[in-house]
Amino acid sequence: MRNQISFELTGDYALFTDPITRMGGEKNSYQIPTYQALKGIVESIYWKPSILMVVDELRVMKPIQMESKGIRPMDYTDNSKPNLAIYSYLRDVKYQVKAHFIFNPYRPDLKQDHNEHKHYEILKRSLKAGGRRDIFLGTRECQGYVEPCEFGSGEGFYDDYTGELHFGTMFHSFGYPSETGEDELKARLWQPVMKEGYVSFIAPEVCPIEKPLKKMTAKEFSPASFESVDELYRKEIERG
């Protein structure tokens with residue numbers, strides 16, 4: 001596929017939080033990354049408001065392991081004192097991820113930035129450099145690392161696993177106004193299945209469960225508020 005990248009994603013710990021556990025002080029990670037978490041990681045590698053990042057597929061390379069830790073988060077009702085909680089993290093994670101970008105059809109005001117070749121070249125350079133921004137595995141205390149790879153290469157822990165692993169109903173992604181053309185924020189849910197270590201993501205717009213969260217409008221950009229891909233590419237070339 002044109003504009004597609006694949007990369008290896010690793011980290012000592014990850015916390016792809018189940019929303020049900022967020023407000024009680026205790027946090028528990030999903031067994032696999034959510035689409036939204038991986039999309040955020042791809043956007044940390046490279047992102048512009050004129051493009052949309054799409055996550056295609058995930059490959060789980062290491063066994064799914066959990067580790068619980070005692071944490072002292074701030075109390076939701078009293079920010080002057082810490083609370084006590086147990087967070088359950090994924091431990092020693094390694095994934096392969098395949099993703100691509102498309103031009104954002106809901107931002108016609110940014111059409112002047114639709115230069116496919118230059119976006120793709122900068123995306124590949126940014127991936128090779130480890131991303132333009134820090135990589136986090138679900139939360140800031142879980143540092144992640146990315147590097148280019150050939151998707152499907154190497155030996156994975158679940159390669160010979162017969163049957164399917166079902167993860168139940170999981171959060172998929174948010175639907176932001178700038179990505180849906182609607183003036184509201186939505187949450188999408190789905191039921192992922194892993195086969196021999198692979199999880200194929202469905203497109204956000206076909207998620208079977210969609211819940212409106214709140215009214216919201218898309219952020220506005222003027223030509224002076226962002227750097228064009230042509231100028232960014234020129235700087236990339238100059239830096240070598």
# chains A, B, ... in the order shown; residues from 1 in each chain; ligands from 1
>>> select_by_dssp(residues="stretch 98-228 of chain A", states="helix (DSSP H, G or I)", output="list in words")
Pro108, Asp109, Leu110, Lys111, Gln112, Asp113, Glu116, His117, Lys118, His119, Tyr120, Glu121, Ile122, Leu123, Lys124, Arg125, Ser126, Leu127, Lys128, Pro177, Ser178, Glu179, Thr180, Pro204, Glu205, Val206, Pro223, Ala224 and Ser225 of chain A
>>> write_last_selection(atoms="N, CA, C and O atoms", output="mmCIF file, in the first residue's frame")
data_model
loop_
_atom_site.group_PDB
_atom_site.id
_atom_site.type_symbol
_atom_site.label_atom_id
_atom_site.label_comp_id
_atom_site.auth_asym_id
_atom_site.auth_seq_id
_atom_site.Cartn_x
_atom_site.Cartn_y
_atom_site.Cartn_z
ATOM 1 N N PRO A 108 -10.732 20.693 4.152
ATOM 2 C CA PRO A 108 -10.451 21.268 2.830
ATOM 3 C C PRO A 108 -9.653 22.561 2.915
ATOM 4 O O PRO A 108 -9.030 22.971 1.941
ATOM 5 N N ASP A 109 -9.669 23.199 4.099
ATOM 6 C CA ASP A 109 -8.911 24.430 4.274
ATOM 7 C C ASP A 109 -7.402 24.187 4.266
ATOM 8 O O ASP A 109 -6.617 25.130 4.130
ATOM 9 N N LEU A 110 -6.991 22.918 4.393
ATOM 10 C CA LEU A 110 -5.568 22.577 4.412
ATOM 11 C C LEU A 110 -5.139 21.840 3.136
ATOM 12 O O LEU A 110 -4.109 21.175 3.110
ATOM 13 N N LYS A 111 -5.929 21.974 2.096
ATOM 14 C CA LYS A 111 -5.652 21.244 0.868
ATOM 15 C C LYS A 111 -4.308 21.627 0.249
ATOM 16 O O LYS A 111 -3.690 20.837 -0.464
ATOM 17 N N GLN A 112 -3.844 22.848 0.519
ATOM 18 C CA GLN A 112 -2.567 23.285 -0.041
ATOM 19 C C GLN A 112 -1.389 22.474 0.511
ATOM 20 O O GLN A 112 -0.287 22.521 -0.033
ATOM 21 N N ASP A 113 -1.637 21.707 1.588
ATOM 22 C CA ASP A 113 -0.576 20.900 2.197
ATOM 23 C C ASP A 113 -0.628 19.443 1.729
ATOM 24 O O ASP A 113 0.053 18.592 2.282
ATOM 25 N N GLU A 116 1.710 14.318 -1.251
ATOM 26 C CA GLU A 116 1.830 12.925 -0.813
ATOM 27 C C GLU A 116 3.285 12.467 -0.681
ATOM 28 O O GLU A 116 3.686 11.886 0.330
ATOM 29 N N HIS A 117 4.080 12.732 -1.686
ATOM 30 C CA HIS A 117 5.466 12.251 -1.696
ATOM 31 C C HIS A 117 6.258 12.838 -0.526
ATOM 32 O O HIS A 117 6.977 12.116 0.185
ATOM 33 N N LYS A 118 6.132 14.124 -0.296
ATOM 34 C CA LYS A 118 6.924 14.752 0.758
ATOM 35 C C LYS A 118 6.488 14.316 2.154
ATOM 36 O O LYS A 118 7.322 14.092 3.035
ATOM 37 N N HIS A 119 5.176 14.180 2.358
ATOM 38 C CA HIS A 119 4.717 13.670 3.649
ATOM 39 C C HIS A 119 5.289 12.271 3.903
ATOM 40 O O HIS A 119 5.749 11.970 5.020
ATOM 41 N N TYR A 120 5.261 11.437 2.898
ATOM 42 C CA TYR A 120 5.732 10.058 3.060
ATOM 43 C C TYR A 120 7.229 10.006 3.333
ATOM 44 O O TYR A 120 7.698 9.245 4.185
ATOM 45 N N GLU A 121 7.996 10.827 2.636
ATOM 46 C CA GLU A 121 9.443 10.840 2.841
ATOM 47 C C GLU A 121 9.789 11.333 4.247
ATOM 48 O O GLU A 121 10.679 10.793 4.910
ATOM 49 N N ILE A 122 9.086 12.371 4.719
ATOM 50 C CA ILE A 122 9.340 12.878 6.072
ATOM 51 C C ILE A 122 8.917 11.839 7.106
ATOM 52 O O ILE A 122 9.589 11.646 8.134
ATOM 53 N N LEU A 123 7.804 11.147 6.846
ATOM 54 C CA LEU A 123 7.342 10.099 7.757
ATOM 55 C C LEU A 123 8.402 9.008 7.902
ATOM 56 O O LEU A 123 8.709 8.563 9.015
ATOM 57 N N LYS A 124 8.989 8.572 6.806
ATOM 58 C CA LYS A 124 10.020 7.532 6.859
ATOM 59 C C LYS A 124 11.272 8.023 7.580
ATOM 60 O O LYS A 124 11.871 7.277 8.377
ATOM 61 N N ARG A 125 11.671 9.255 7.318
ATOM 62 C CA ARG A 125 12.830 9.823 8.022
ATOM 63 C C ARG A 125 12.573 9.921 9.514
ATOM 64 O O ARG A 125 13.448 9.629 10.340
ATOM 65 N N SER A 126 11.367 10.344 9.883
ATOM 66 C CA SER A 126 11.025 10.504 11.290
ATOM 67 C C SER A 126 11.010 9.160 12.008
ATOM 68 O O SER A 126 11.446 9.042 13.162
ATOM 69 N N LEU A 127 10.503 8.125 11.334
ATOM 70 C CA LEU A 127 10.500 6.783 11.914
ATOM 71 C C LEU A 127 11.922 6.285 12.132
ATOM 72 O O LEU A 127 12.257 5.733 13.191
ATOM 73 N N LYS A 128 12.763 6.497 11.155
ATOM 74 C CA LYS A 128 14.159 6.054 11.262
ATOM 75 C C LYS A 128 14.860 6.747 12.424
ATOM 76 O O LYS A 128 15.744 6.166 13.071
ATOM 77 N N PRO A 177 -13.932 15.882 16.010
ATOM 78 C CA PRO A 177 -14.618 16.650 14.956
ATOM 79 C C PRO A 177 -13.775 16.863 13.700
ATOM 80 O O PRO A 177 -14.299 16.832 12.586
ATOM 81 N N SER A 178 -12.459 17.072 13.871
ATOM 82 C CA SER A 178 -11.593 17.303 12.710
ATOM 83 C C SER A 178 -11.412 16.056 11.865
ATOM 84 O O SER A 178 -10.913 16.122 10.742
ATOM 85 N N GLU A 179 -11.839 14.885 12.403
ATOM 86 C CA GLU A 179 -11.679 13.620 11.682
ATOM 87 C C GLU A 179 -13.004 12.994 11.274
ATOM 88 O O GLU A 179 -13.034 11.976 10.580
ATOM 89 N N THR A 180 -14.114 13.593 11.722
ATOM 90 C CA THR A 180 -15.425 13.054 11.373
ATOM 91 C C THR A 180 -16.310 14.060 10.650
ATOM 92 O O THR A 180 -17.298 13.664 10.019
ATOM 93 N N PRO A 204 -12.243 3.050 11.787
ATOM 94 C CA PRO A 204 -13.037 3.700 12.840
ATOM 95 C C PRO A 204 -14.508 3.885 12.479
ATOM 96 O O PRO A 204 -15.390 3.708 13.326
ATOM 97 N N GLU A 205 -14.771 4.224 11.222
ATOM 98 C CA GLU A 205 -16.152 4.532 10.833
ATOM 99 C C GLU A 205 -17.067 3.314 10.778
ATOM 100 O O GLU A 205 -18.293 3.456 10.659
ATOM 101 N N VAL A 206 -16.508 2.103 10.868
ATOM 102 C CA VAL A 206 -17.366 0.905 10.836
ATOM 103 C C VAL A 206 -17.415 0.200 12.186
ATOM 104 O O VAL A 206 -17.867 -0.937 12.273
ATOM 105 N N PRO A 223 -3.011 29.774 7.716
ATOM 106 C CA PRO A 223 -1.717 29.489 7.068
ATOM 107 C C PRO A 223 -0.521 29.834 7.955
ATOM 108 O O PRO A 223 0.531 29.213 7.836
ATOM 109 N N ALA A 224 -0.694 30.791 8.867
ATOM 110 C CA ALA A 224 0.419 31.198 9.722
ATOM 111 C C ALA A 224 0.595 30.300 10.943
ATOM 112 O O ALA A 224 1.599 30.397 11.647
ATOM 113 N N SER A 225 -0.381 29.410 11.202
ATOM 114 C CA SER A 225 -0.334 28.630 12.433
ATOM 115 C C SER A 225 0.351 27.280 12.272
ATOM 116 O O SER A 225 0.526 26.562 13.250
#
>>> residues_around(residues="A:Ala187", least_positions_apart="6", cutoff="7 Å", atoms="only C-alpha atoms", output="number ranges by chain")
A: 173-175, 210-213
>>> closest_atom_pairs(of="stretch 67-178 of chain A", to="stretch 5-12 of chain A", cutoff="6 Å", atoms="only C-alpha atoms", output="tab-separated table")
residue	atom	partner	partner_atom	distance
A:Arg91	CA	A:Asp12	CA	5.8
A:Asp92	CA	A:Asp12	CA	4.4
A:Val93	CA	A:Gly11	CA	5.5
A:Lys94	CA	A:Thr10	CA	4.4
A:Tyr95	CA	A:Leu9	CA	5.0
A:Gln96	CA	A:Glu8	CA	4.5
A:Val97	CA	A:Phe7	CA	5.4
A:Lys98	CA	A:Ser6	CA	4.3
A:Ala99	CA	A:Ile5	CA	5.5
A:Gly144	CA	A:Gly11	CA	4.7
A:Tyr145	CA	A:Thr10	CA	5.4
A:Val146	CA	A:Leu9	CA	4.8
A:Glu147	CA	A:Phe7	CA	5.4
A:Pro148	CA	A:Phe7	CA	4.3
A:Cys149	CA	A:Phe7	CA	4.8
A:Phe151	CA	A:Ser6	CA	5.7
>>> residues_around(residues="A:Gln36", least_positions_apart="2", cutoff="7 Å", atoms="only C-alpha atoms", output="list in words")
Thr34, Leu38, Lys39, Gly40, His172, Ser173 and Phe174 of chain A
>>> select_by_dssp(residues="stretch 2-222 of chain A", states="strand (DSSP E or B)", output="MDAnalysis selection string")
chainID A and resid 4:14 17 27:29 51:60 66:71 74 82 85:103 135:136 143:148 164:166 170:175 184:190 193:195 198:200 209:215
>>> atom_distance(atom1="atom CA of A:Leu90", atom2="atom CA of A:Pro208")
26.8 Å
>>> atom_distance(atom1="atom CA of A:Asn3", atom2="atom CA of A:Phe101")
6.1 Å
>>> closest_residue(among="A:Lys235, A:Arg140, A:Lys186, A:Lys215", to="A:Phe16", atoms="only C-alpha atoms")
A:Arg140
>>> closest_residue(among="A:Thr162, A:Ser50, A:Gln191, A:Ser153", to="A:Phe221", atoms="only C-alpha atoms")
A:Ser50
>>> atom_distance(atom1="atom CA of A:Glu182", atom2="atom CA of A:Arg2")
27.9 Å
>>> residues_around(residues="A:Ser88", least_positions_apart="2", cutoff="12 Å", atoms="only C-alpha atoms", output="number ranges by chain")
A: 13-18, 21-22, 25-31, 65-71, 85-86, 90-91
>>> closest_residue(among="A:Phe201, A:Tyr87, A:Trp190, A:Trp47", to="A:Glu141", atoms="only C-alpha atoms")
A:Tyr87
>>> closest_residue(among="A:Arg239, A:Arg188, A:Lys195, A:Arg133", to="A:Val42", atoms="only C-alpha atoms")
A:Arg133
>>> closest_atom_pairs(of="stretch 162-209 of chain A", to="stretch 154-157 of chain A", cutoff="12 Å", atoms="only C-alpha atoms", output="CSV")
residue,atom,partner,partner_atom,distance
A:Lys195,CA,A:Phe157,CA,11.8
A:Glu196,CA,A:Phe157,CA,8.6
A:Gly197,CA,A:Gly156,CA,7.1
A:Tyr198,CA,A:Gly156,CA,9.8
>>> residues_around(residues="A:Ser200", least_positions_apart="6", cutoff="7 Å", atoms="only C-alpha atoms", output="PyMOL selection string")
chain A and resi 56-58
>>> closest_residue(among="A:Leu185, A:Met216, A:Leu232, A:Ile41", to="A:Val54", atoms="only C-alpha atoms")
A:Ile41
